Protein chains: 2
Amino acid sequence: MLFENRITSLFKIDLPIIQAGMVWASGWELASAVSNAGGLGIIGAGSMYPEVLRTHIQKTKAATHKPYAVNLPMLYPDLQAHINIIIEEKVPIVFTSAGNPKTWTASLKAAGCIVVHVVSSAQFALKAEVAGCDAVVAEGFEAGGHNGREETTTMVLIPMVHKAVKIPVIAAGGIANGAQMLAAFALGAEGVQIGSRFVCSTEASSHIHFKNAITESKEGATELGLKSLAPVRLLKNKFAVEILAFEKQGASKEALAERLGKGRAKMGMFEGDMENGELEIGQVTAMIDTIQPAAEIVKEIWNDFQAGVEHLKSLPFSRNF
Amino acid sequence: MLFENRITSLFKIDLPIIQAGMVWASGWELASAVSNAGGLGIIGAGSMYPEVLRTHIQKTKAATHKPYAVNLPMLYPDLQAHINIIIEEKVPIVFTSAGNPKTWTASLKAAGCIVVHVVSSAQFALKAEVAGCDAVVAEGFEAGGHNGREETTTMVLIPMVHKAVKIPVIAAGGIANGAQMLAAFALGAEGVQIGSRFVCSTEASSHIHFKNAITESKEGATELGLKSLAPVRLLKNKFAVEILAFEKQGASKEALAERLGKGRAKMGMFEGDMENGELEIGQVTAMIDTIQPAAEIVKEIWNDFQAGVEHLKSLPFSRNF
């Protein structure tokens with residue numbers, strides 16, 4: 001290991017950099033590239049039928065001998081089928097999100113999996129710890145995609161979660177470079193989970209139109225909305241602007257669900273319909289201006305993280321206060 | 001100076017800790033206490049008639065020989081009267097907020113003031129730099145009170161502002177302790193502006209009921225709303241819950257303004273009406289559990305900041321990547 005802390009020890013990885021499991025973006029190509037680069041790559045099962053997930057797991061195992069993980073949003077009808085495949089394929093690490101960590105953590109751990117749960121509050125972090133999770137991802141308001149109702153930002157969330165639990169904390173939301181990774185460590189995190197930056201990697205299965213839209217986006221390009229359904233941060237394309245305006249006019253939950261329809265996320269992020277599709281991305285989209293290979297992203301973040309530590313070592317203290 | 005960087009040099013202060021100028025909270029007692037402790041205390045002119053501001057400036061000068069500042073929201077009808085008093089009383093440093101920095105920066109600087117403008121985007125930071133400001137405060141979504149429309153959080157905003165301007169950046173929003181201060185420095189800030197924590201200081205003129213409500217609040221206690229008027233982060237008391245629900249039903253700007261009425265902020269924060277008053281506070285309210293003297297707050301944050309630097313120095317790197 002190049003960096004030895006509780007996160008790199010838990011996952012048996014070199015660097016405490018975790019690529020988020022994301023719908024329509026993180027299949028075997030991205031996950032294996034990140035794991036091969038020394039981080040932890042995660043297959044996003046949220047947009048995969050069970051047998052598709054099995055294929056991605058098998059291809060990941062063929063493409064890397066390093067540890068990898070599967071992210072499983074616990075709200076799908078065929079969740080049991082997903083769980084069975086994860087256990088059959090001996091996936092070493094599972095990141096669960098949405099739903100209650102009590103439901104599945106014990107059986108996954110009994111099957112030998114390391115289990116990490118994604119939370120957006122200290123209260124839920126504590127529930128995950130009690131449920132037996134090995135670590136938590138604490139994800140702030142600035143993160144892309146589905147998000148917490150309390151809107152707590154990474155700057156406030158990480159210290160609160162760090163204080164609430166004894167298990168290690170992985171910070172997510174607003175982290176795309178080494179300076180932000182260092183800030184997360186200053187707040188008490190022992191690892192970072194990075195989403196948007198990896199959506200914009202060569203290996204992500206996201207549509208090239210979506211990757212280009214990320215590189216071109218400016219500050220203020222995203223908004224968190226659809227709060228009465230499930231809060232989600234979207235790139236403000238034509239679809240998002242319209243549905244967010246509809247929401248602000250006081251549209252009911254049912255009317256919003258109807259307007260949203262089915263398959264919007266696939267249409268936008270995977271099929272590249274930049275007008276009518278749903279495009280989930282974090283606020284950091286404004287800072288991303290190139291599509292890079294995942295290994296280059298990992299290396300750049302790690303180098304900048306180390307440079308940041310050196311910078312803080314040279315802070316101009318005159319003497320103790 | 002105990003810490004020599006561009007911010008402590010600019011303001012001629014010991015520590016790069018700035019107490020935010022806040023309506024109904026930061027009069028001469030708080031500002032002078034913070035300045036005497038080695039930080040920069042700021043008188044919040046936003047809730048003061050011109051002659052009240054003059055009294056607070058004179059009392060501050062009597063209570064400290066250290067530098068202090070006045071915060072001036074540039075949207076009041078008698079702004080010229082405030083400016084005249086600031087110049088007559090030779091206030092050394094002015095923090096302007098809201099409005100366009102072009103309008104007043106040149107005349108304040110011609111009168112010998114150091115001028116800092118508060119922004120919520122890199123775009124406005126650049127405008128402040130072009131207008132001749134000496135530094136900017138970049139304030140994230142998690143901050144209390146009035147806030148930007150783009151909802152960019154401190155974690156994302158600071159690196160973007162740091163990249164956009166050459167003048168030094170002071171981070172605000174989500175900063176209440178030394179770990180958060182260190183995170184801000186990791187992101188490129190050279191100083192921090194802290195609000196909520198100082199609202200909960202002995203010297204703040206905030207009503208004791210409000211201070212107690214802060215110490216008792218939990219995560220998720222605040223919400224940013226009234227976006228069609230001017231976005232503001234509020235503690236979710238009876239008044240806030242009602243007006244935020246009204247807004248979500250699609251209430252018009254005019255209907256919201258009527259419901260808000262006049263004098264709500266004073267009623268809540270200064271007069272202590274915890275049900276019907278407006279209570280402006282940041283997300284960090286959930287982390288604050290004691291009312292302390294301002295000097296103790298400054299010292300604690302500084303000690304924790306230094307301890308954080310020591311912690312990062314001992315990060316378990318094995319060798320370079």
# chains A, B, ... in the order shown; residues from 1 in each chain; ligands from 1
>>> closest_atom_pairs(of="chain A", to="chain B", cutoff="8 Å", atoms="only C-alpha atoms", output="tab-separated table")
residue	atom	partner	partner_atom	distance
A:Met1	CA	B:Ser318	CA	7.1
A:Leu2	CA	B:Ser318	CA	4.8
A:Phe3	CA	B:Phe317	CA	4.5
A:Glu4	CA	B:Pro316	CA	5.4
A:Asn5	CA	B:Pro316	CA	6.6
A:Ser121	CA	B:Glu219	CA	7.5
A:Ala122	CA	B:Glu219	CA	7.8
A:Glu142	CA	B:Thr153	CA	6.5
A:Glu150	CA	B:Gly220	CA	4.8
A:Glu151	CA	B:Gly220	CA	7.3
A:Thr152	CA	B:Gly220	CA	6.8
A:Thr153	CA	B:Glu142	CA	6.5
A:Thr154	CA	B:Met155	CA	7.1
A:Met155	CA	B:Gly174	CA	5.8
A:Val156	CA	B:Gly174	CA	5.6
A:Pro159	CA	B:Ala179	CA	7.9
A:Met160	CA	B:Met287	CA	7.2
A:Gly174	CA	B:Val156	CA	5.6
A:Ile175	CA	B:Met155	CA	7.7
A:Ala179	CA	B:Leu187	CA	5.4
A:Gln180	CA	B:Leu187	CA	6.1
A:Leu182	CA	B:Ala186	CA	6.1
A:Ala183	CA	B:Ala183	CA	4.0
A:Ala184	CA	B:Ala183	CA	6.8
A:Phe185	CA	B:Ala183	CA	7.9
A:Ala186	CA	B:Ala183	CA	5.3
A:Leu187	CA	B:Ala179	CA	5.4
A:Gly188	CA	B:Ala179	CA	7.9
A:Glu219	CA	B:Ser121	CA	7.5
A:Gly220	CA	B:Glu150	CA	4.8
A:Glu223	CA	B:Glu151	CA	7.9
A:Lys248	CA	B:Gly250	CA	5.7
A:Gln249	CA	B:Gly250	CA	4.3
A:Gly250	CA	B:Gly250	CA	4.2
A:Ala251	CA	B:Gln249	CA	7.6
A:Gln283	CA	B:Thr152	CA	6.9
A:Val284	CA	B:Val156	CA	6.2
A:Met287	CA	B:Met160	CA	7.2
A:Lys299	CA	B:Phe321	CA	7.9
A:Trp302	CA	B:Phe321	CA	7.7
A:Asn303	CA	B:Phe321	CA	7.5
A:Gly308	CA	B:Ala186	CA	6.6
A:Val309	CA	B:Leu312	CA	6.7
A:Leu312	CA	B:Val309	CA	6.7
A:Lys313	CA	B:Lys313	CA	6.5
A:Pro316	CA	B:Glu4	CA	5.5
A:Phe317	CA	B:Phe3	CA	4.6
A:Ser318	CA	B:Leu2	CA	4.8
A:Arg319	CA	B:Leu2	CA	6.0
A:Asn320	CA	B:Leu2	CA	7.4
A:Phe321	CA	B:Leu2	CA	6.9
>>> residues_around(residues="segment 257-264 of chain B", least_positions_apart="2", cutoff="10 Å", atoms="only C-alpha atoms", output="PDB file with C-alpha atoms, in the first residue's frame")
ATOM      1  CA  LEU B 226     -37.579  32.601  -0.291  1.00  0.00           C
ATOM      2  CA  SER B 228     -38.011  34.416  -5.530  1.00  0.00           C
ATOM      3  CA  LEU B 229     -37.382  37.304  -3.102  1.00  0.00           C
ATOM      4  CA  PHE B 239     -42.605  31.121  10.913  1.00  0.00           C
ATOM      5  CA  ALA B 240     -40.044  29.520   8.587  1.00  0.00           C
ATOM      6  CA  GLU B 242     -45.075  28.052   7.322  1.00  0.00           C
ATOM      7  CA  ILE B 243     -43.580  30.459   4.793  1.00  0.00           C
ATOM      8  CA  PHE B 246     -46.334  28.489   1.257  1.00  0.00           C
ATOM      9  CA  ALA B 251     -46.865  31.307  -3.805  1.00  0.00           C
ATOM     10  CA  SER B 252     -46.044  34.406  -5.851  1.00  0.00           C
ATOM     11  CA  LYS B 253     -43.209  36.758  -5.012  1.00  0.00           C
ATOM     12  CA  GLU B 254     -45.741  39.384  -3.919  1.00  0.00           C
ATOM     13  CA  ALA B 255     -47.666  36.964  -1.690  1.00  0.00           C
ATOM     14  CA  LYS B 266     -35.402  42.034  14.400  1.00  0.00           C
ATOM     15  CA  MET B 267     -38.401  40.295  15.983  1.00  0.00           C
ATOM     16  CA  GLY B 268     -36.628  36.955  15.901  1.00  0.00           C
ATOM     17  CA  MET B 269     -32.921  37.520  16.290  1.00  0.00           C
ATOM     18  CA  PHE B 270     -32.943  40.622  18.482  1.00  0.00           C
ATOM     19  CA  GLU B 271     -36.243  40.499  20.347  1.00  0.00           C
ATOM     20  CA  ASP B 273     -39.655  35.798  19.334  1.00  0.00           C
ATOM     21  CA  ASN B 276     -42.876  34.398  14.632  1.00  0.00           C
ATOM     22  CA  GLY B 277     -39.454  35.932  14.071  1.00  0.00           C
ATOM     23  CA  GLU B 278     -36.981  35.313  11.244  1.00  0.00           C
ATOM     24  CA  LEU B 279     -33.894  33.477  12.491  1.00  0.00           C
TER      25      LEU B 279
END
>>> select_by_dssp(residues="segment 72-185 of chain A", states="strand (DSSP E)", output="list in words")
Leu72, Pro73, Ile93, Val94, Phe95, Thr96, Ser97, Ile114, Val115, Val116, His117, Val118, Val119, Ala135, Val136, Val137, Ala138, Glu139, Gly145, His146, Val169, Ile170, Ala171 and Ala172 of chain A
>>> write_last_selection(atoms="C-alpha atoms", output="JSON list (two decimals), in the first residue's frame")
[["chain", "number", "residue", "atom", "x", "y", "z"],
["A", 72, "LEU", "CA", -26.47, -1.46, -5.00],
["A", 73, "PRO", "CA", -29.36, 0.98, -4.52],
["A", 93, "ILE", "CA", -17.04, -5.19, -1.36],
["A", 94, "VAL", "CA", -20.61, -3.89, -1.60],
["A", 95, "PHE", "CA", -21.68, -0.26, -1.30],
["A", 96, "THR", "CA", -25.38, -0.06, -0.50],
["A", 97, "SER", "CA", -27.38, 3.11, -0.96],
["A", 114, "ILE", "CA", -17.27, -5.89, 3.19],
["A", 115, "VAL", "CA", -20.31, -3.60, 3.41],
["A", 116, "VAL", "CA", -20.35, 0.20, 3.13],
["A", 117, "HIS", "CA", -23.53, 2.26, 3.26],
["A", 118, "VAL", "CA", -24.07, 5.69, 1.69],
["A", 119, "VAL", "CA", -25.68, 8.29, 3.98],
["A", 135, "ALA", "CA", -17.58, 2.13, 6.75],
["A", 136, "VAL", "CA", -19.91, 4.86, 5.54],
["A", 137, "VAL", "CA", -19.89, 7.19, 2.59],
["A", 138, "ALA", "CA", -21.17, 10.59, 3.72],
["A", 139, "GLU", "CA", -22.47, 12.46, 0.72],
["A", 145, "GLY", "CA", -27.77, 12.46, -8.68],
["A", 146, "HIS", "CA", -29.91, 11.37, -5.76],
["A", 169, "VAL", "CA", -15.86, 7.88, 6.87],
["A", 170, "ILE", "CA", -15.54, 8.30, 3.12],
["A", 171, "ALA", "CA", -16.45, 11.80, 1.94],
["A", 172, "ALA", "CA", -18.48, 12.39, -1.21]]
>>> calpha_fit_and_write(fixed="chain B", moving="chain A", output="short mmCIF file (atom, residue, chain, number, x, y, z; two decimals) with C-alpha atoms, in the first residue's frame")
data_model
loop_
_atom_site.label_atom_id
_atom_site.label_comp_id
_atom_site.auth_asym_id
_atom_site.auth_seq_id
_atom_site.Cartn_x
_atom_site.Cartn_y
_atom_site.Cartn_z
CA MET A 1 1.71 38.66 13.64
CA LEU A 2 1.31 35.03 14.60
CA PHE A 3 0.50 33.94 11.09
CA GLU A 4 1.82 35.87 8.14
CA ASN A 5 -0.06 35.62 4.91
CA ARG A 6 -1.76 38.06 2.58
CA ILE A 7 -4.88 38.31 4.75
CA THR A 8 -3.15 38.96 8.07
CA SER A 9 -0.81 41.43 6.31
CA LEU A 10 -3.68 43.23 4.56
CA PHE A 11 -5.69 43.70 7.74
CA LYS A 12 -2.69 43.91 10.12
CA ILE A 13 -4.13 41.20 12.35
CA ASP A 14 -2.58 38.20 14.15
CA LEU A 15 -4.86 35.41 12.95
CA PRO A 16 -6.74 34.95 9.66
CA ILE A 17 -10.05 34.57 11.50
CA ILE A 18 -12.75 37.08 10.61
CA GLN A 19 -16.03 37.44 12.45
CA ALA A 20 -18.82 38.07 9.95
CA GLY A 21 -20.73 41.34 10.11
CA MET A 22 -24.27 40.20 10.89
CA VAL A 23 -27.58 41.97 11.39
CA TRP A 24 -28.80 42.12 15.00
CA ALA A 25 -25.74 40.21 16.23
CA SER A 26 -22.47 42.00 15.67
CA GLY A 27 -22.27 45.39 17.31
CA TRP A 28 -19.26 46.98 19.00
CA GLU A 29 -19.09 44.46 21.85
CA LEU A 30 -18.61 41.45 19.57
CA ALA A 31 -16.45 43.24 17.00
CA SER A 32 -14.04 44.65 19.60
CA ALA A 33 -13.83 41.30 21.44
CA VAL A 34 -12.84 39.47 18.24
CA SER A 35 -10.32 42.15 17.26
CA ASN A 36 -8.83 42.12 20.76
CA ALA A 37 -8.47 38.33 20.46
CA GLY A 38 -6.31 38.69 17.34
CA GLY A 39 -8.93 38.19 14.65
CA LEU A 40 -10.88 40.79 12.71
CA GLY A 41 -14.14 41.93 14.28
CA ILE A 42 -16.80 43.38 12.00
CA ILE A 43 -19.67 45.69 12.90
CA GLY A 44 -22.78 44.65 10.95
CA ALA A 45 -24.25 47.91 9.64
CA GLY A 46 -27.15 46.13 7.95
CA SER A 47 -29.43 46.54 10.97
CA MET A 48 -28.21 50.01 12.01
CA TYR A 49 -29.45 53.50 11.18
CA PRO A 50 -26.53 55.77 10.25
CA GLU A 51 -26.18 57.41 13.67
CA VAL A 52 -26.42 54.00 15.40
CA LEU A 53 -23.57 52.85 13.21
CA ARG A 54 -21.55 55.91 14.23
CA THR A 55 -22.05 55.06 17.91
CA HIS A 56 -20.94 51.47 17.34
CA ILE A 57 -17.84 52.58 15.46
CA GLN A 58 -16.91 55.04 18.22
CA LYS A 59 -17.46 52.42 20.94
CA THR A 60 -15.39 49.89 19.00
CA LYS A 61 -12.53 52.39 18.74
CA ALA A 62 -12.76 52.98 22.48
CA ALA A 63 -12.78 49.23 23.21
CA THR A 64 -9.88 48.13 21.00
CA HIS A 65 -6.74 49.56 19.46
CA LYS A 66 -6.66 46.72 16.94
CA PRO A 67 -8.04 46.90 13.38
CA TYR A 68 -11.78 46.33 12.92
CA ALA A 69 -14.20 46.57 10.01
CA VAL A 70 -17.74 47.51 9.06
CA ASN A 71 -19.93 45.30 6.89
CA LEU A 72 -22.21 47.29 4.63
CA PRO A 73 -24.98 45.65 2.57
CA MET A 74 -25.25 47.99 -0.41
CA LEU A 75 -28.99 47.96 -0.79
CA TYR A 76 -30.23 50.41 1.82
CA PRO A 77 -31.85 53.73 0.93
CA ASP A 78 -29.50 55.77 3.17
CA LEU A 79 -26.35 54.10 1.93
CA GLN A 80 -24.67 57.47 1.29
CA ALA A 81 -25.18 58.42 4.94
CA HIS A 82 -23.54 55.15 6.02
CA ILE A 83 -20.63 55.72 3.63
CA ASN A 84 -20.12 59.28 4.92
CA ILE A 85 -19.91 58.05 8.52
CA ILE A 86 -17.48 55.28 7.60
CA ILE A 87 -15.23 57.85 5.93
CA GLU A 88 -15.61 60.48 8.67
CA GLU A 89 -14.83 57.94 11.38
CA LYS A 90 -11.85 56.64 9.39
CA VAL A 91 -12.97 53.00 9.52
CA PRO A 92 -9.89 51.10 8.27
CA ILE A 93 -11.65 48.18 6.55
CA VAL A 94 -15.04 47.87 4.85
CA PHE A 95 -16.71 44.62 3.79
CA THR A 96 -19.40 45.33 1.21
CA SER A 97 -22.10 42.83 0.36
CA ALA A 98 -25.02 42.65 -2.05
CA GLY A 99 -25.07 45.23 -4.85
CA ASN A 100 -22.38 45.99 -7.36
CA PRO A 101 -18.79 46.48 -6.08
CA LYS A 102 -18.16 48.98 -8.91
CA THR A 103 -20.45 51.58 -7.33
CA TRP A 104 -18.55 52.33 -4.11
CA THR A 105 -15.16 50.61 -4.10
CA ALA A 106 -13.24 53.47 -5.73
CA SER A 107 -14.55 56.17 -3.38
CA LEU A 108 -13.99 54.05 -0.28
CA LYS A 109 -10.44 53.27 -1.42
CA ALA A 110 -9.82 56.93 -2.23
CA ALA A 111 -10.80 57.66 1.38
CA GLY A 112 -8.16 55.19 2.57
CA CYS A 113 -10.32 52.15 3.31
CA ILE A 114 -9.35 48.58 2.57
CA VAL A 115 -12.33 47.15 0.68
CA VAL A 116 -13.49 43.52 0.62
CA HIS A 117 -16.58 42.34 -1.25
CA VAL A 118 -18.71 39.30 -0.42
CA VAL A 119 -19.54 37.05 -3.39
CA SER A 120 -21.18 33.70 -4.03
CA SER A 121 -19.67 32.92 -7.43
CA ALA A 122 -16.36 33.07 -9.27
CA GLN A 123 -17.95 35.40 -11.81
CA PHE A 124 -18.75 38.00 -9.14
CA ALA A 125 -15.36 37.50 -7.50
CA LEU A 126 -13.78 38.55 -10.77
CA LYS A 127 -16.04 41.63 -10.91
CA ALA A 128 -14.95 42.55 -7.39
CA GLU A 129 -11.29 42.19 -8.38
CA VAL A 130 -11.82 44.37 -11.46
CA ALA A 131 -13.60 46.96 -9.28
CA GLY A 132 -10.41 47.25 -7.22
CA CYS A 133 -11.34 45.24 -4.12
CA ASP A 134 -8.41 44.12 -1.97
CA ALA A 135 -9.88 40.68 -1.23
CA VAL A 136 -13.11 38.74 -1.56
CA VAL A 137 -15.20 36.70 0.82
CA ALA A 138 -16.56 33.68 -1.05
CA GLU A 139 -19.63 32.44 0.74
CA GLY A 140 -21.13 29.00 0.15
CA PHE A 141 -24.70 27.70 0.18
CA GLU A 142 -24.41 26.38 3.75
CA ALA A 143 -23.99 29.90 5.16
CA GLY A 144 -26.72 31.51 7.24
CA GLY A 145 -28.76 34.49 6.13
CA HIS A 146 -28.75 35.88 2.61
CA ASN A 147 -27.11 33.73 0.05
CA GLY A 148 -26.39 33.24 -3.65
CA ARG A 149 -28.87 32.00 -6.23
CA GLU A 150 -26.58 29.35 -7.66
CA GLU A 151 -26.37 27.37 -4.40
CA THR A 152 -22.69 26.56 -4.88
CA THR A 153 -21.29 25.06 -1.69
CA THR A 154 -18.07 26.16 0.00
CA MET A 155 -16.31 22.94 -1.09
CA VAL A 156 -16.88 23.79 -4.75
CA LEU A 157 -16.93 27.59 -4.57
CA ILE A 158 -13.57 28.23 -2.91
CA PRO A 159 -11.41 26.38 -5.49
CA MET A 160 -13.29 28.10 -8.33
CA VAL A 161 -12.91 31.57 -6.83
CA HIS A 162 -9.28 30.86 -5.94
CA LYS A 163 -8.66 29.96 -9.57
CA ALA A 164 -10.56 32.97 -10.95
CA VAL A 165 -8.87 35.82 -9.02
CA LYS A 166 -5.42 36.89 -7.91
CA ILE A 167 -6.54 38.77 -4.79
CA PRO A 168 -6.76 36.71 -1.57
CA VAL A 169 -9.89 34.68 -0.87
CA ILE A 170 -11.64 34.48 2.49
CA ALA A 171 -13.89 31.41 2.79
CA ALA A 172 -17.31 31.61 4.42
CA GLY A 173 -20.17 29.18 4.88
CA GLY A 174 -19.95 25.96 6.87
CA ILE A 175 -17.00 27.09 8.96
CA ALA A 176 -17.35 26.93 12.73
CA ASN A 177 -14.27 25.06 13.91
CA GLY A 178 -10.57 24.54 13.24
CA ALA A 179 -11.07 21.47 11.04
CA GLN A 180 -13.40 23.40 8.76
CA MET A 181 -10.96 26.31 8.73
CA LEU A 182 -8.21 23.93 7.67
CA ALA A 183 -10.43 22.49 4.94
CA ALA A 184 -10.96 26.04 3.66
CA PHE A 185 -7.19 26.57 3.54
CA ALA A 186 -6.77 23.26 1.69
CA LEU A 187 -9.21 24.64 -0.89
CA GLY A 188 -7.11 27.78 -1.40
CA ALA A 189 -8.54 30.26 1.13
CA GLU A 190 -6.16 32.52 3.05
CA GLY A 191 -8.67 33.43 5.73
CA VAL A 192 -12.07 32.41 7.02
CA GLN A 193 -15.15 34.43 7.85
CA ILE A 194 -17.20 32.85 10.63
CA GLY A 195 -20.78 33.87 11.36
CA SER A 196 -23.02 31.42 13.22
CA ARG A 197 -20.44 30.45 15.83
CA PHE A 198 -20.07 34.12 16.81
CA VAL A 199 -23.84 34.63 16.93
CA CYS A 200 -23.58 32.14 19.77
CA SER A 201 -20.93 34.18 21.61
CA THR A 202 -21.44 35.98 24.90
CA GLU A 203 -20.78 39.34 23.26
CA ALA A 204 -23.24 38.98 20.36
CA SER A 205 -26.29 41.21 20.68
CA SER A 206 -28.49 38.34 19.47
CA HIS A 207 -31.31 37.51 21.90
CA ILE A 208 -30.54 34.80 24.45
CA HIS A 209 -33.51 32.77 23.19
CA PHE A 210 -31.90 32.71 19.75
CA LYS A 211 -28.51 31.69 21.18
CA ASN A 212 -30.20 28.89 23.12
CA ALA A 213 -32.08 27.74 20.01
CA ILE A 214 -28.73 27.47 18.20
CA THR A 215 -27.19 25.34 20.94
CA GLU A 216 -30.24 23.04 20.87
CA SER A 217 -30.59 22.69 17.08
CA LYS A 218 -29.85 19.40 15.30
CA GLU A 219 -28.77 18.52 11.75
CA GLY A 220 -31.26 19.56 9.11
CA ALA A 221 -32.42 22.45 11.33
CA THR A 222 -32.07 25.08 8.60
CA GLU A 223 -33.37 25.54 5.08
CA LEU A 224 -32.58 27.93 2.27
CA GLY A 225 -35.77 29.47 0.95
CA LEU A 226 -37.56 32.61 -0.30
CA LYS A 227 -35.65 32.23 -3.53
CA SER A 228 -38.01 34.42 -5.55
CA LEU A 229 -37.38 37.30 -3.11
CA ALA A 230 -33.75 36.93 -1.98
CA PRO A 231 -32.51 33.46 -0.99
CA VAL A 232 -32.00 33.25 2.78
CA ARG A 233 -31.07 30.39 5.10
CA LEU A 234 -33.36 30.20 8.11
CA LEU A 235 -33.69 28.17 11.25
CA LYS A 236 -36.91 26.19 10.70
CA ASN A 237 -39.10 27.66 13.44
CA LYS A 238 -42.88 28.04 13.13
CA PHE A 239 -42.60 31.11 10.89
CA ALA A 240 -40.04 29.52 8.58
CA VAL A 241 -41.88 26.21 8.25
CA GLU A 242 -45.06 28.04 7.30
CA ILE A 243 -43.57 30.44 4.78
CA LEU A 244 -41.41 27.72 3.20
CA ALA A 245 -44.49 25.51 2.77
CA PHE A 246 -46.32 28.47 1.24
CA GLU A 247 -43.42 28.95 -1.17
CA LYS A 248 -43.47 25.24 -2.16
CA GLN A 249 -47.16 25.52 -2.97
CA GLY A 250 -46.13 28.01 -5.66
CA ALA A 251 -46.85 31.29 -3.82
CA SER A 252 -46.04 34.39 -5.87
CA LYS A 253 -43.21 36.74 -5.02
CA GLU A 254 -45.73 39.35 -3.94
CA ALA A 255 -47.66 36.95 -1.71
CA LEU A 256 -44.40 35.83 -0.07
CA ALA A 257 -43.30 39.44 0.52
CA GLU A 258 -46.65 40.21 2.11
CA ARG A 259 -46.47 37.14 4.38
CA LEU A 260 -42.91 38.05 5.34
CA GLY A 261 -43.89 41.61 6.25
CA LYS A 262 -41.48 44.04 7.89
CA GLY A 263 -39.27 43.64 10.92
CA ARG A 264 -39.25 39.83 11.11
CA ALA A 265 -35.48 39.60 11.49
CA LYS A 266 -35.40 42.04 14.41
CA MET A 267 -38.40 40.30 15.99
CA GLY A 268 -36.63 36.93 15.90
CA MET A 269 -32.91 37.52 16.29
CA PHE A 270 -32.94 40.63 18.49
CA GLU A 271 -36.24 40.50 20.35
CA GLY A 272 -36.27 36.72 20.80
CA ASP A 273 -39.65 35.79 19.33
CA MET A 274 -38.79 32.18 18.50
CA GLU A 275 -42.17 31.43 16.88
CA ASN A 276 -42.88 34.39 14.64
CA GLY A 277 -39.46 35.92 14.07
CA GLU A 278 -36.98 35.31 11.24
CA LEU A 279 -33.89 33.48 12.50
CA GLU A 280 -30.92 33.59 10.10
CA ILE A 281 -28.28 30.96 10.81
CA GLY A 282 -26.00 28.56 8.92
CA GLN A 283 -26.04 24.76 8.68
CA VAL A 284 -23.25 24.66 11.30
CA THR A 285 -25.86 25.55 13.92
CA ALA A 286 -26.17 21.77 14.37
CA MET A 287 -22.53 21.64 15.54
CA ILE A 288 -22.71 24.50 18.04
CA ASP A 289 -23.66 23.51 21.56
CA THR A 290 -22.35 26.21 23.88
CA ILE A 291 -22.41 29.98 24.25
CA GLN A 292 -18.80 31.11 24.70
CA PRO A 293 -16.88 34.37 24.97
CA ALA A 294 -15.63 35.44 21.54
CA ALA A 295 -11.97 35.27 22.60
CA GLU A 296 -12.43 31.65 23.64
CA ILE A 297 -14.01 30.84 20.27
CA VAL A 298 -11.08 32.45 18.41
CA LYS A 299 -8.53 30.60 20.53
CA GLU A 300 -10.28 27.24 20.21
CA ILE A 301 -10.59 27.51 16.42
CA TRP A 302 -6.96 28.55 16.09
CA ASN A 303 -5.70 25.72 18.33
CA ASP A 304 -7.78 23.16 16.41
CA PHE A 305 -6.56 24.57 13.10
CA GLN A 306 -2.96 24.10 14.23
CA ALA A 307 -3.72 20.59 15.54
CA GLY A 308 -5.28 19.79 12.16
CA VAL A 309 -2.11 20.84 10.35
CA GLU A 310 -0.10 18.54 12.65
CA HIS A 311 -2.54 15.71 11.91
CA LEU A 312 -2.15 16.16 8.15
CA LYS A 313 1.64 16.21 8.55
CA SER A 314 1.42 12.72 10.03
CA LEU A 315 -0.72 11.23 7.25
CA PRO A 316 0.47 7.67 6.59
CA PHE A 317 2.14 8.03 3.20
CA SER A 318 4.40 5.07 2.43
CA ARG A 319 6.23 6.65 -0.48
CA ASN A 320 5.49 8.82 -3.47
CA PHE A 321 3.12 7.43 -6.06
#
